[in-house]
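Note sheet for the following structure.
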Amino acid sequence: MNTVLHTPADLVAAGLAPAGAAAELESVAARYAIAVTPTVAALINPADPNDPIGLQYLPSREELETAPDEQVDPIGDGVHSPLKGIVHRYPDRLLLTATHACAVYCRFCFRREVVGPGGAGGLTPAELDAALAYISDHPEVWEVILTGGDPLVLSPRRIADLVRRIADIPHVKVLRVHTRLPVAEPERVSEALVSALSGSRLRLAVGVHVNHSRELTPAADAALARLAGAGALLLSQTVLLKGVNDRVEVLGELMRALVERGVRPYYLHHPDPAPGTARFRVSLAEGQALVRGLRGRYSGLCQPTYVLDIPGGFGKIPAGPAWIEPAGAGLAATDPWGGTHILPDEA
Ligand SMILES: *Cc1c(COP(=O)(O)O)cnc(C)c1O
Ligand code: SF4
């Protein structure tokens with residue numbers, strides 16, 4: 001199996017969907033893009049309907065049902081987009097979305113209403129010029145975050161050109177890239193692509209989207225090693241997903257696997273209410289309990305920050321458990337195992 005699976009018929013032929021489901025899945029495919037790379041397909045156990053890799057990538061009829069709280073633009077990118085391709089919500093950093101295509105399409109994606117092959121996603125040369133002019137005109141922008149879609153699906157030539165143009169803006173010091181490519185299609189994180197990314201004066205940070213330790217295959221390890229070899233600061237982003245990684249041991253094992261590969265656990269995202277993603281939803285209380293469990297059992301290196309993007313565009317906030325709370329004249333501190341300790345508040 002050496003081709004990317006794009007249609008329900010492809011999934012049936014590969015044994016990843018039952019033949020009887022094809023017609024129903026066509027309605028899902030008409031609405032949300034499908035792509036399963038050979039690397040990902042090889043990780044899925046077709047006999048297990050609850051396989052944590054399969055759940056992330058295989059379409060389900062449940063995607064056609066939109067729950068009342070679900071929103072097309074769950075984190076409010078639109079209200080902070082001054083022009084096409086830019087989301088500027090915080091003064092010192094902004095998102096530059098050069099493409100809306102990805103190597104794989106995750107069923108829980110928070111931008112699922114805009115990602116997909118072709119179409120409205122990419123920026124025309126004139127739109128890219130305008131986006132870069134916006135960055136130039138905003139001296140407070142210290143960091144440019146390439147996102148999408150997956151920016152690393154662009155050719156090394158286009159990436160080199162984009163990086164060079166960003167590096168030409170003197171006030172930008174850091175280039176961050178958000179990508180799933182190292183785990184979704186690791187061979188595409190080639191030496192050519194890595195040198196295109198890293199060949200400028202900018203400090204390069206790569207935020208790798210990984211949700212389960214099984215995604216860290218030897219090929220993914222090699223892709224991460226190529227990025228690390230070029231001096232990139234490697235960070236992880238994990239989405240907390242029901243059935244995929246909503247257990248302390250699964251999260252702990254993932255965080256350890258990341259640290260062992262030189263990737264610093266960065267964010268654990270509370271799932272955003274994107275349309276048709278109810279099957280992945282975990283409550284904040286459940287997420288907080290998981291974070292408490294991680295703290296007690298795993299190294300401090302293995303502790304990502306649990307974050308919630310407040311719907312409507314109000315920003316990301318730490319959403320972890322409250323370790324210290326007011327109690328009478330003092331404070332009550334909860335230890336990682338659930339014990340409570342009263343402390344005087346001597347401020
Ligand atoms: C998530 C996000 C960022 C990056 O936030 P950090 O906390 O710096 O990782 C920047 N801009 C927007 C609009 C975002 O959604
Ligand atoms: S790779 Fe990222 S942007 Fe693309 S579908 Fe997955 S979560 Fe969405």
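The way I read the labels, and the way they are meant: chains A, B, ... in the order of the structure tokens, residue 1 as the first residue of every chain, and ligand 1 as the first ligand shown, with later ones counted on from there.
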Listing only residues of chain A within 9 Å of ligand 2, what is the closest atom pair and its distance in Å (to one decimal) for each, using only C-alpha atoms and all ligand atoms, sorted by chain and residue number ascending, as CSV?
residue,atom,partner,partner_atom_place_in_ligand_line,distance
A:Ala33,CA,ligand 2,5 (S),8.5
A:Ile34,CA,ligand 2,5 (S),8.9
A:Ala35,CA,ligand 2,5 (S),9.0
A:Gln56,CA,ligand 2,6 (Fe),8.8
A:Tyr57,CA,ligand 2,6 (Fe),8.6
A:His100,CA,ligand 2,3 (S),7.4
A:Ala101,CA,ligand 2,4 (Fe),7.0
A:Cys102,CA,ligand 2,4 (Fe),4.7
A:Ala103,CA,ligand 2,1 (S),6.9
A:Val104,CA,ligand 2,1 (S),5.9
A:Tyr105,CA,ligand 2,5 (S),3.8
A:Cys106,CA,ligand 2,6 (Fe),4.1
A:Arg107,CA,ligand 2,5 (S),7.0
A:Phe108,CA,ligand 2,7 (S),6.9
A:Cys109,CA,ligand 2,8 (Fe),4.1
A:Phe110,CA,ligand 2,8 (Fe),6.3
A:Arg111,CA,ligand 2,8 (Fe),5.7
A:Arg112,CA,ligand 2,8 (Fe),6.0
A:Val114,CA,ligand 2,3 (S),8.9
A:Val115,CA,ligand 2,3 (S),6.4
A:Gly116,CA,ligand 2,5 (S),7.8
A:Thr147,CA,ligand 2,3 (S),7.6
A:Gly148,CA,ligand 2,3 (S),5.6
A:Gly149,CA,ligand 2,3 (S),4.2
A:Asp150,CA,ligand 2,4 (Fe),5.7
A:His178,CA,ligand 2,2 (Fe),8.0
A:Thr179,CA,ligand 2,1 (S),6.5
A:Arg180,CA,ligand 2,1 (S),5.1
A:Leu181,CA,ligand 2,1 (S),7.6
A:Ala184,CA,ligand 2,1 (S),8.2
A:His209,CA,ligand 2,2 (Fe),7.2
A:Val239,CA,ligand 2,7 (S),8.7
Write a file of the selected residues as an mmCIF file, in the first residue's frame, keeping N, CA and C atoms.
data_model
loop_
_atom_site.group_PDB
_atom_site.id
_atom_site.type_symbol
_atom_site.label_atom_id
_atom_site.label_comp_id
_atom_site.auth_asym_id
_atom_site.auth_seq_id
_atom_site.Cartn_x
_atom_site.Cartn_y
_atom_site.Cartn_z
ATOM 1 N N ALA A 33 -12.523 16.629 4.186
ATOM 2 C CA ALA A 33 -11.504 15.901 3.416
ATOM 3 C C ALA A 33 -10.997 14.676 4.176
ATOM 4 N N ILE A 34 -10.596 13.678 3.401
ATOM 5 C CA ILE A 34 -10.005 12.449 3.938
ATOM 6 C C ILE A 34 -8.608 12.304 3.330
ATOM 7 N N ALA A 35 -7.630 11.958 4.142
ATOM 8 C CA ALA A 35 -6.324 11.531 3.618
ATOM 9 C C ALA A 35 -5.651 10.671 4.679
ATOM 10 N N GLN A 56 -8.303 8.556 14.935
ATOM 11 C CA GLN A 56 -7.883 9.908 14.582
ATOM 12 C C GLN A 56 -8.072 10.246 13.104
ATOM 13 N N TYR A 57 -8.053 9.206 12.257
ATOM 14 C CA TYR A 57 -7.998 9.476 10.811
ATOM 15 C C TYR A 57 -9.130 8.883 9.989
ATOM 16 N N HIS A 100 -3.868 25.539 3.088
ATOM 17 C CA HIS A 100 -4.849 24.833 3.909
ATOM 18 C C HIS A 100 -4.830 23.331 3.670
ATOM 19 N N ALA A 101 -3.850 22.874 2.912
ATOM 20 C CA ALA A 101 -3.734 21.431 2.664
ATOM 21 C C ALA A 101 -2.938 20.776 3.792
ATOM 22 N N CYS A 102 -3.212 19.498 4.026
ATOM 23 C CA CYS A 102 -2.455 18.701 4.999
ATOM 24 C C CYS A 102 -2.093 17.372 4.347
ATOM 25 N N ALA A 103 -1.134 16.672 4.950
ATOM 26 C CA ALA A 103 -0.773 15.341 4.451
ATOM 27 C C ALA A 103 -1.839 14.329 4.851
ATOM 28 N N VAL A 104 -2.441 14.558 6.017
ATOM 29 C CA VAL A 104 -3.516 13.701 6.529
ATOM 30 C C VAL A 104 -4.612 14.647 7.012
ATOM 31 N N TYR A 105 -5.838 14.158 7.097
ATOM 32 C CA TYR A 105 -6.901 14.982 7.672
ATOM 33 C C TYR A 105 -7.424 14.319 8.933
ATOM 34 N N CYS A 106 -7.209 15.014 10.066
ATOM 35 C CA CYS A 106 -7.582 14.484 11.370
ATOM 36 C C CYS A 106 -9.071 14.726 11.567
ATOM 37 N N ARG A 107 -9.763 13.725 12.080
ATOM 38 C CA ARG A 107 -11.230 13.813 12.161
ATOM 39 C C ARG A 107 -11.687 14.832 13.199
ATOM 40 N N PHE A 108 -10.796 15.226 14.117
ATOM 41 C CA PHE A 108 -11.152 16.149 15.202
ATOM 42 C C PHE A 108 -10.646 17.554 14.930
ATOM 43 N N CYS A 109 -10.096 17.779 13.718
ATOM 44 C CA CYS A 109 -9.395 19.045 13.443
ATOM 45 C C CYS A 109 -10.253 20.264 13.783
ATOM 46 N N PHE A 110 -9.666 21.215 14.510
ATOM 47 C CA PHE A 110 -10.398 22.436 14.898
ATOM 48 C C PHE A 110 -10.561 23.392 13.723
ATOM 49 N N ARG A 111 -9.788 23.190 12.654
ATOM 50 C CA ARG A 111 -9.970 24.021 11.457
ATOM 51 C C ARG A 111 -10.580 23.198 10.323
ATOM 52 N N ARG A 112 -11.341 22.153 10.671
ATOM 53 C CA ARG A 112 -11.815 21.226 9.647
ATOM 54 C C ARG A 112 -12.713 21.864 8.608
ATOM 55 N N VAL A 114 -12.105 24.626 7.185
ATOM 56 C CA VAL A 114 -11.307 25.352 6.183
ATOM 57 C C VAL A 114 -10.177 24.519 5.581
ATOM 58 N N VAL A 115 -9.738 23.467 6.260
ATOM 59 C CA VAL A 115 -8.638 22.695 5.682
ATOM 60 C C VAL A 115 -9.148 21.781 4.572
ATOM 61 N N GLY A 116 -8.250 21.415 3.684
ATOM 62 C CA GLY A 116 -8.610 20.519 2.594
ATOM 63 C C GLY A 116 -7.724 20.779 1.400
ATOM 64 N N THR A 147 1.370 28.022 9.974
ATOM 65 C CA THR A 147 0.413 26.974 10.267
ATOM 66 C C THR A 147 -0.451 26.773 9.040
ATOM 67 N N GLY A 148 -1.580 26.112 9.213
ATOM 68 C CA GLY A 148 -2.379 25.838 8.019
ATOM 69 C C GLY A 148 -3.731 25.248 8.380
ATOM 70 N N GLY A 149 -3.997 24.164 7.770
ATOM 71 C CA GLY A 149 -3.206 23.217 7.011
ATOM 72 C C GLY A 149 -1.851 22.887 7.655
ATOM 73 N N ASP A 150 -1.053 22.225 6.861
ATOM 74 C CA ASP A 150 0.283 21.852 7.301
ATOM 75 C C ASP A 150 1.293 22.539 6.389
ATOM 76 N N HIS A 178 4.023 24.824 12.832
ATOM 77 C CA HIS A 178 3.136 23.808 13.402
ATOM 78 C C HIS A 178 2.880 22.743 12.352
ATOM 79 N N THR A 179 3.229 21.505 12.656
ATOM 80 C CA THR A 179 3.161 20.467 11.623
ATOM 81 C C THR A 179 2.833 19.090 12.186
ATOM 82 N N ARG A 180 2.213 18.281 11.347
ATOM 83 C CA ARG A 180 1.979 16.872 11.688
ATOM 84 C C ARG A 180 2.832 15.994 10.786
ATOM 85 N N LEU A 181 3.559 16.599 9.841
ATOM 86 C CA LEU A 181 4.301 15.822 8.851
ATOM 87 C C LEU A 181 5.323 14.836 9.437
ATOM 88 N N ALA A 184 3.065 12.018 10.203
ATOM 89 C CA ALA A 184 2.096 11.618 9.172
ATOM 90 C C ALA A 184 2.769 11.147 7.885
ATOM 91 N N HIS A 209 2.667 17.945 16.054
ATOM 92 C CA HIS A 209 1.370 17.463 16.528
ATOM 93 C C HIS A 209 1.418 15.930 16.609
ATOM 94 N N VAL A 239 -3.503 16.850 21.233
ATOM 95 C CA VAL A 239 -4.913 17.137 21.489
ATOM 96 C C VAL A 239 -5.446 16.016 22.381
#
Exercise. Please, which residues have at least one atom within 6 Å of an atom of ligand 1, using only C-alpha atoms and all ligand atoms, listed as a list in words?
Worked result: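 Checked against 6 Å with only C-alpha atoms and all ligand atoms; the hits are Val87, His88, Arg89, Arg93, Leu94 and Leu95 of chain A.
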Problem set entry | Option closest in space to Asp309 in chain A, from A:Ile75, A:Val163, A:Leu258, A:Val172 [counting only C-alpha atoms] |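 Between A:Ile75, A:Val163, A:Leu258, A:Val172, the residue approaching Asp309 in chain A most closely is A:Ile75.
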Problem set entry | Separation of CA of Ala29 in chain A from CA of His6 in chain A, in Å and rounded to one decimal | 8.7 Å
Exercise. How far is it from CA of Ile145 in chain A to CA of Leu96 in chain A, in Å with one decimal?
Worked result: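 Computing the Euclidean distance for CA of Ile145 in chain A and CA of Leu96 in chain A yields 6.0 Å.
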Contact residues around Ile86 in chain A with only C-alpha atoms at 10 Å, ignoring same-chain residues under 2 positions, as a short mmCIF file (atom, residue, chain, number, x, y, z; two decimals) with all heavy atoms, in the first residue's frame:
data_model
loop_
_atom_site.label_atom_id
_atom_site.label_comp_id
_atom_site.auth_asym_id
_atom_site.auth_seq_id
_atom_site.Cartn_x
_atom_site.Cartn_y
_atom_site.Cartn_z
N ASP A 77 -10.70 32.38 15.04
CA ASP A 77 -9.62 32.92 14.21
C ASP A 77 -10.12 34.11 13.39
O ASP A 77 -9.41 35.09 13.20
CB ASP A 77 -9.10 31.85 13.24
CG ASP A 77 -8.17 30.83 13.91
OD1 ASP A 77 -7.65 31.13 15.00
OD2 ASP A 77 -7.97 29.76 13.31
N GLY A 78 -11.36 33.98 12.91
CA GLY A 78 -11.92 34.99 12.00
C GLY A 78 -11.88 36.39 12.58
O GLY A 78 -11.50 37.34 11.89
N HIS A 80 -9.87 37.73 14.49
CA HIS A 80 -8.51 38.29 14.62
C HIS A 80 -7.73 38.22 13.32
O HIS A 80 -6.51 38.26 13.31
CB HIS A 80 -7.75 37.58 15.73
CG HIS A 80 -8.34 37.83 17.08
ND1 HIS A 80 -8.26 39.05 17.69
CD2 HIS A 80 -9.06 37.04 17.90
CE1 HIS A 80 -8.90 39.00 18.86
NE2 HIS A 80 -9.40 37.79 18.99
N SER A 81 -8.45 38.09 12.21
CA SER A 81 -7.76 38.00 10.93
C SER A 81 -7.89 39.32 10.17
O SER A 81 -8.92 39.60 9.58
CB SER A 81 -8.36 36.84 10.11
OG SER A 81 -7.68 36.76 8.88
N PRO A 82 -6.83 40.14 10.19
CA PRO A 82 -6.91 41.44 9.53
C PRO A 82 -6.90 41.32 8.00
O PRO A 82 -7.38 42.21 7.31
CB PRO A 82 -5.66 42.17 10.02
CG PRO A 82 -4.69 41.08 10.36
CD PRO A 82 -5.53 39.92 10.84
N LEU A 83 -6.33 40.23 7.51
CA LEU A 83 -6.34 39.97 6.07
C LEU A 83 -6.09 38.50 5.85
O LEU A 83 -5.67 37.78 6.77
CB LEU A 83 -5.33 40.85 5.30
CG LEU A 83 -3.85 40.53 5.39
CD1 LEU A 83 -3.09 41.38 4.37
CD2 LEU A 83 -3.28 40.79 6.76
N LYS A 84 -6.36 38.04 4.63
CA LYS A 84 -6.27 36.62 4.34
C LYS A 84 -4.86 36.08 4.67
O LYS A 84 -3.86 36.70 4.31
CB LYS A 84 -6.59 36.36 2.86
CG LYS A 84 -6.79 34.89 2.59
CD LYS A 84 -7.37 34.62 1.21
CE LYS A 84 -7.33 33.11 0.96
NZ LYS A 84 -7.42 32.79 -0.45
N HIS A 88 -3.89 37.45 13.93
CA HIS A 88 -3.05 38.24 14.84
C HIS A 88 -3.84 38.50 16.12
O HIS A 88 -4.51 39.51 16.26
CB HIS A 88 -2.66 39.55 14.16
CG HIS A 88 -1.53 40.24 14.85
ND1 HIS A 88 -1.03 41.46 14.43
CD2 HIS A 88 -0.78 39.88 15.92
CE1 HIS A 88 -0.03 41.82 15.22
NE2 HIS A 88 0.13 40.88 16.15
N ARG A 89 -3.75 37.55 17.06
CA ARG A 89 -4.55 37.64 18.28
C ARG A 89 -3.72 38.17 19.45
O ARG A 89 -4.24 38.72 20.39
CB ARG A 89 -5.08 36.25 18.62
CG ARG A 89 -6.05 36.28 19.74
CD ARG A 89 -6.71 34.96 20.10
NE ARG A 89 -6.38 33.84 19.29
CZ ARG A 89 -6.86 32.61 19.52
NH1 ARG A 89 -7.67 32.38 20.48
NH2 ARG A 89 -6.51 31.61 18.76
N LEU A 94 2.08 36.03 15.48
CA LEU A 94 0.90 35.85 14.63
C LEU A 94 1.02 34.57 13.82
O LEU A 94 2.10 33.99 13.67
CB LEU A 94 0.66 37.08 13.74
CG LEU A 94 1.78 37.62 12.86
CD1 LEU A 94 2.14 36.67 11.75
CD2 LEU A 94 1.40 38.96 12.28
N LEU A 95 -0.14 34.14 13.33
CA LEU A 95 -0.18 32.96 12.47
C LEU A 95 -0.14 33.40 11.02
O LEU A 95 -0.83 34.35 10.64
CB LEU A 95 -1.47 32.16 12.69
CG LEU A 95 -1.86 31.78 14.12
CD1 LEU A 95 -3.15 30.94 14.10
CD2 LEU A 95 -0.75 31.01 14.81
N LEU A 96 0.66 32.70 10.23
CA LEU A 96 0.66 32.89 8.78
C LEU A 96 0.26 31.55 8.17
O LEU A 96 0.95 30.54 8.36
CB LEU A 96 2.06 33.32 8.33
CG LEU A 96 2.30 33.45 6.83
CD1 LEU A 96 1.35 34.45 6.18
CD2 LEU A 96 3.74 33.87 6.55
N THR A 97 -0.89 31.53 7.51
CA THR A 97 -1.38 30.27 6.93
C THR A 97 -1.17 30.31 5.42
O THR A 97 -1.97 30.90 4.69
CB THR A 97 -2.88 30.06 7.24
OG1 THR A 97 -3.59 31.24 6.89
CG2 THR A 97 -3.11 29.78 8.70
N ALA A 98 -0.08 29.67 5.00
CA ALA A 98 0.28 29.73 3.58
C ALA A 98 -0.48 28.69 2.77
O ALA A 98 -0.61 28.82 1.56
CB ALA A 98 1.78 29.52 3.43
N LEU A 128 0.06 36.73 -0.57
CA LEU A 128 1.25 36.49 0.25
C LEU A 128 2.05 37.79 0.41
O LEU A 128 2.51 38.10 1.52
CB LEU A 128 2.11 35.38 -0.39
CG LEU A 128 3.36 35.00 0.42
CD1 LEU A 128 3.00 34.49 1.82
CD2 LEU A 128 4.17 33.94 -0.32
N ALA A 130 0.84 40.73 0.47
CA ALA A 130 0.09 41.57 1.42
C ALA A 130 0.29 41.07 2.85
O ALA A 130 0.46 41.87 3.78
CB ALA A 130 -1.39 41.57 1.05
N ALA A 131 0.30 39.76 3.04
CA ALA A 131 0.49 39.21 4.38
C ALA A 131 1.88 39.57 4.90
O ALA A 131 2.05 39.96 6.06
CB ALA A 131 0.30 37.69 4.36
N LEU A 132 2.89 39.46 4.06
CA LEU A 132 4.26 39.79 4.48
C LEU A 132 4.40 41.29 4.74
O LEU A 132 5.10 41.70 5.68
CB LEU A 132 5.27 39.30 3.44
CG LEU A 132 5.38 37.77 3.38
CD1 LEU A 132 6.09 37.32 2.10
CD2 LEU A 132 6.12 37.20 4.60
N TYR A 134 2.04 43.15 5.90
CA TYR A 134 1.40 43.34 7.21
C TYR A 134 2.41 43.07 8.33
O TYR A 134 2.52 43.84 9.29
CB TYR A 134 0.18 42.42 7.34
CG TYR A 134 -0.51 42.53 8.68
CD1 TYR A 134 -1.55 43.42 8.89
CD2 TYR A 134 -0.09 41.73 9.76
CE1 TYR A 134 -2.16 43.53 10.14
CE2 TYR A 134 -0.70 41.83 11.01
CZ TYR A 134 -1.73 42.73 11.19
OH TYR A 134 -2.33 42.84 12.42
N ILE A 135 3.17 41.97 8.20
CA ILE A 135 4.16 41.63 9.23
C ILE A 135 5.22 42.73 9.31
O ILE A 135 5.60 43.20 10.39
CB ILE A 135 4.80 40.25 8.95
CG1 ILE A 135 3.73 39.15 8.93
CG2 ILE A 135 5.87 39.93 9.99
CD1 ILE A 135 4.22 37.78 8.44
N VAL A 144 6.83 34.62 14.02
CA VAL A 144 5.85 34.24 12.98
C VAL A 144 5.64 32.74 13.08
O VAL A 144 6.60 31.96 13.14
CB VAL A 144 6.35 34.63 11.58
CG1 VAL A 144 5.45 34.03 10.50
CG2 VAL A 144 6.41 36.15 11.43
N ILE A 145 4.38 32.34 13.16
CA ILE A 145 4.02 30.93 13.29
C ILE A 145 3.40 30.47 11.98
O ILE A 145 2.32 30.93 11.60
CB ILE A 145 3.04 30.72 14.46
CG1 ILE A 145 3.63 31.26 15.77
CG2 ILE A 145 2.66 29.24 14.59
CD1 ILE A 145 2.67 31.30 16.96
N LEU A 146 4.10 29.59 11.29
CA LEU A 146 3.55 29.03 10.05
C LEU A 146 2.62 27.90 10.42
O LEU A 146 3.00 26.95 11.11
CB LEU A 146 4.66 28.48 9.15
CG LEU A 146 5.63 29.46 8.54
CD1 LEU A 146 6.64 28.69 7.66
CD2 LEU A 146 4.91 30.50 7.71
N THR A 147 1.37 28.02 9.97
CA THR A 147 0.41 26.97 10.27
C THR A 147 -0.45 26.77 9.04
O THR A 147 -0.11 27.19 7.94
CB THR A 147 -0.36 27.33 11.57
OG1 THR A 147 -1.26 26.27 11.87
CG2 THR A 147 -1.13 28.61 11.46
#
Go through range 45-243 of chain A and collect every residue that DSSP, computed from the backbone, puts in alpha helix (DSSP H); the answer should be as a CSV table (one decimal) with N, CA and C atoms, in the first residue's frame.
chain,number,residue,atom,x,y,z
A,52,PRO,N,-6.5,3.5,18.5
A,52,PRO,CA,-6.2,5.0,18.8
A,52,PRO,C,-5.7,5.7,17.5
A,53,ILE,N,-5.1,5.0,16.6
A,53,ILE,CA,-4.6,5.7,15.4
A,53,ILE,C,-5.8,5.8,14.4
A,54,GLY,N,-6.5,4.7,14.3
A,54,GLY,CA,-7.7,4.7,13.4
A,54,GLY,C,-8.7,5.7,13.7
A,55,LEU,N,-9.0,5.9,15.0
A,55,LEU,CA,-10.0,6.9,15.5
A,55,LEU,C,-9.6,8.3,15.0
A,56,GLN,N,-8.3,8.6,14.9
A,56,GLN,CA,-7.9,9.9,14.6
A,56,GLN,C,-8.1,10.2,13.1
A,57,TYR,N,-8.1,9.2,12.3
A,57,TYR,CA,-8.0,9.5,10.8
A,57,TYR,C,-9.1,8.9,10.0
A,125,PRO,N,0.1,34.8,-5.0
A,125,PRO,CA,1.3,35.6,-4.8
A,125,PRO,C,1.0,37.0,-4.3
A,126,ALA,N,-0.1,37.6,-4.7
A,126,ALA,CA,-0.4,39.0,-4.3
A,126,ALA,C,-0.9,38.9,-2.8
A,127,GLU,N,-1.6,37.9,-2.4
A,127,GLU,CA,-2.1,37.8,-1.1
A,127,GLU,C,-0.9,37.5,-0.1
A,128,LEU,N,0.1,36.7,-0.6
A,128,LEU,CA,1.3,36.5,0.2
A,128,LEU,C,2.0,37.8,0.4
A,129,ASP,N,2.2,38.6,-0.7
A,129,ASP,CA,2.9,39.9,-0.6
A,129,ASP,C,2.2,40.7,0.5
A,130,ALA,N,0.8,40.7,0.5
A,130,ALA,CA,0.1,41.6,1.4
A,130,ALA,C,0.3,41.1,2.8
A,131,ALA,N,0.3,39.8,3.0
A,131,ALA,CA,0.5,39.2,4.4
A,131,ALA,C,1.9,39.6,4.9
A,132,LEU,N,2.9,39.5,4.1
A,132,LEU,CA,4.3,39.8,4.5
A,132,LEU,C,4.4,41.3,4.7
A,133,ALA,N,3.7,42.1,4.0
A,133,ALA,CA,3.7,43.5,4.2
A,133,ALA,C,3.1,43.9,5.5
A,134,TYR,N,2.0,43.1,5.9
A,134,TYR,CA,1.4,43.3,7.2
A,134,TYR,C,2.4,43.1,8.3
A,135,ILE,N,3.2,42.0,8.2
A,135,ILE,CA,4.2,41.6,9.2
A,135,ILE,C,5.2,42.7,9.3
A,136,SER,N,5.7,43.2,8.2
A,136,SER,CA,6.7,44.3,8.1
A,136,SER,C,6.2,45.5,8.8
A,156,PRO,N,10.1,22.3,-0.8
A,156,PRO,CA,11.2,22.9,-0.2
A,156,PRO,C,11.6,24.3,-0.8
A,157,ARG,N,11.4,24.3,-2.1
A,157,ARG,CA,11.7,25.6,-2.8
A,157,ARG,C,10.7,26.7,-2.3
A,158,ARG,N,9.5,26.4,-2.2
A,158,ARG,CA,8.5,27.5,-1.7
A,158,ARG,C,8.8,27.8,-0.3
A,159,ILE,N,9.1,26.8,0.5
A,159,ILE,CA,9.4,27.1,1.9
A,159,ILE,C,10.7,27.9,2.0
A,160,ALA,N,11.7,27.6,1.3
A,160,ALA,CA,12.9,28.4,1.3
A,160,ALA,C,12.6,29.9,1.0
A,161,ASP,N,11.8,30.1,0.0
A,161,ASP,CA,11.4,31.4,-0.4
A,161,ASP,C,10.7,32.1,0.7
A,162,LEU,N,9.7,31.4,1.3
A,162,LEU,CA,8.9,32.0,2.3
A,162,LEU,C,9.8,32.4,3.5
A,163,VAL,N,10.7,31.5,3.9
A,163,VAL,CA,11.5,31.7,5.1
A,163,VAL,C,12.5,32.9,4.8
A,164,ARG,N,13.0,32.9,3.6
A,164,ARG,CA,13.9,34.1,3.3
A,164,ARG,C,13.2,35.4,3.4
A,165,ARG,N,11.9,35.4,2.9
A,165,ARG,CA,11.2,36.7,2.9
A,165,ARG,C,10.8,37.0,4.4
A,166,ILE,N,10.5,36.1,5.2
A,166,ILE,CA,10.2,36.4,6.6
A,166,ILE,C,11.5,36.9,7.3
A,167,ALA,N,12.6,36.2,7.0
A,167,ALA,CA,13.9,36.6,7.6
A,167,ALA,C,14.3,38.0,7.2
A,181,LEU,N,3.6,16.6,9.8
A,181,LEU,CA,4.3,15.8,8.9
A,181,LEU,C,5.3,14.8,9.4
A,182,PRO,N,6.1,15.2,10.5
A,182,PRO,CA,7.0,14.2,11.0
A,182,PRO,C,6.4,12.9,11.4
A,183,VAL,N,5.2,12.9,11.8
A,183,VAL,CA,4.5,11.6,12.1
A,183,VAL,C,3.6,11.1,11.0
A,184,ALA,N,3.1,12.0,10.2
A,184,ALA,CA,2.1,11.6,9.2
A,184,ALA,C,2.8,11.1,7.9
A,191,GLU,N,16.0,16.1,4.0
A,191,GLU,CA,17.2,17.1,4.2
A,191,GLU,C,16.9,18.4,3.5
A,192,ALA,N,16.4,18.3,2.3
A,192,ALA,CA,16.1,19.5,1.5
A,192,ALA,C,15.1,20.4,2.2
A,193,LEU,N,14.0,19.8,2.7
A,193,LEU,CA,13.0,20.5,3.4
A,193,LEU,C,13.6,21.1,4.7
A,194,VAL,N,14.3,20.3,5.4
A,194,VAL,CA,14.9,20.8,6.7
A,194,VAL,C,15.9,22.0,6.4
A,195,SER,N,16.7,21.9,5.4
A,195,SER,CA,17.6,23.0,5.2
A,195,SER,C,16.8,24.2,4.6
A,196,ALA,N,15.7,24.0,3.9
A,196,ALA,CA,14.9,25.2,3.5
A,196,ALA,C,14.4,25.9,4.8
A,197,LEU,N,14.0,25.1,5.8
A,197,LEU,CA,13.4,25.7,7.0
A,197,LEU,C,14.4,26.4,7.8
A,198,SER,N,15.6,25.8,7.9
A,198,SER,CA,16.6,26.2,8.9
A,198,SER,C,17.6,27.1,8.4
A,218,PRO,N,10.0,4.5,13.8
A,218,PRO,CA,11.4,4.8,13.5
A,218,PRO,C,11.6,5.9,12.4
A,219,ALA,N,10.7,5.9,11.4
A,219,ALA,CA,10.8,6.9,10.4
A,219,ALA,C,10.5,8.3,11.0
A,220,ALA,N,9.5,8.4,11.9
A,220,ALA,CA,9.3,9.6,12.5
A,220,ALA,C,10.5,10.1,13.4
A,221,ASP,N,11.1,9.1,14.1
A,221,ASP,CA,12.3,9.4,14.9
A,221,ASP,C,13.4,10.1,14.0
A,222,ALA,N,13.5,9.5,12.8
A,222,ALA,CA,14.5,10.0,11.9
A,222,ALA,C,14.2,11.4,11.4
A,223,ALA,N,12.9,11.6,11.1
A,223,ALA,CA,12.5,13.0,10.7
A,223,ALA,C,12.8,14.0,11.8
A,224,LEU,N,12.5,13.6,13.1
A,224,LEU,CA,12.7,14.5,14.2
A,224,LEU,C,14.2,14.7,14.4
A,225,ALA,N,15.0,13.7,14.1
A,225,ALA,CA,16.5,13.8,14.3
A,225,ALA,C,17.0,14.8,13.2
A,226,ARG,N,16.4,14.7,12.0
A,226,ARG,CA,16.9,15.7,11.0
A,226,ARG,C,16.6,17.1,11.4
A,227,LEU,N,15.4,17.3,12.0
A,227,LEU,CA,15.1,18.7,12.4
A,227,LEU,C,16.0,19.1,13.6
A,228,ALA,N,16.2,18.2,14.5
A,228,ALA,CA,17.0,18.5,15.7
A,228,ALA,C,18.5,18.8,15.2
A,229,GLY,N,18.9,18.0,14.2
A,229,GLY,CA,20.3,18.2,13.7
A,229,GLY,C,20.5,19.5,13.1
Exercise. Within 8 Å of range 262-266 of chain A, counting only C-alpha atoms, which residues qualify if same-chain residues fewer than 3 places away don't, as a VMD selection string?
Worked result: chain A and resid 228 233 to 237 255 258 to 259 301 to 305
Problem set entry | Exercise: Leu43 in chain A partners within 9 Å, only C-alpha atoms, chain neighbours under 2 positions left out, as a list in words | Pro38, Thr39, Val40, Ala41, Asn45, Ile53, Gly54, Arg214, Glu215 and Thr217 of chain A
Seminar exercise, completed: Using only C-alpha atoms, the shortest atom-to-atom distance to Gly312 in chain A among A:Thr7, A:Gln71, A:Ser200, A:Asn2 belongs to A:Gln71
Exercise. When DSSP works through the backbone of this structure, what residues of range 10-161 of chain A end up as strand (DSSP E or B), shown as a ChimeraX atom specification?
Worked result: /A:36,83,86-90,93-97,143-147
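Those residues that approach Leu175 in chain A to within 7 Å, counting only C-alpha atoms, are A:Glu143, A:Val144, A:Ile145, A:Lys173, A:Val177, A:Leu202, A:Arg203, A:Leu204, A:Ala205; same-chain residues fewer than 2 positions away are not listed.
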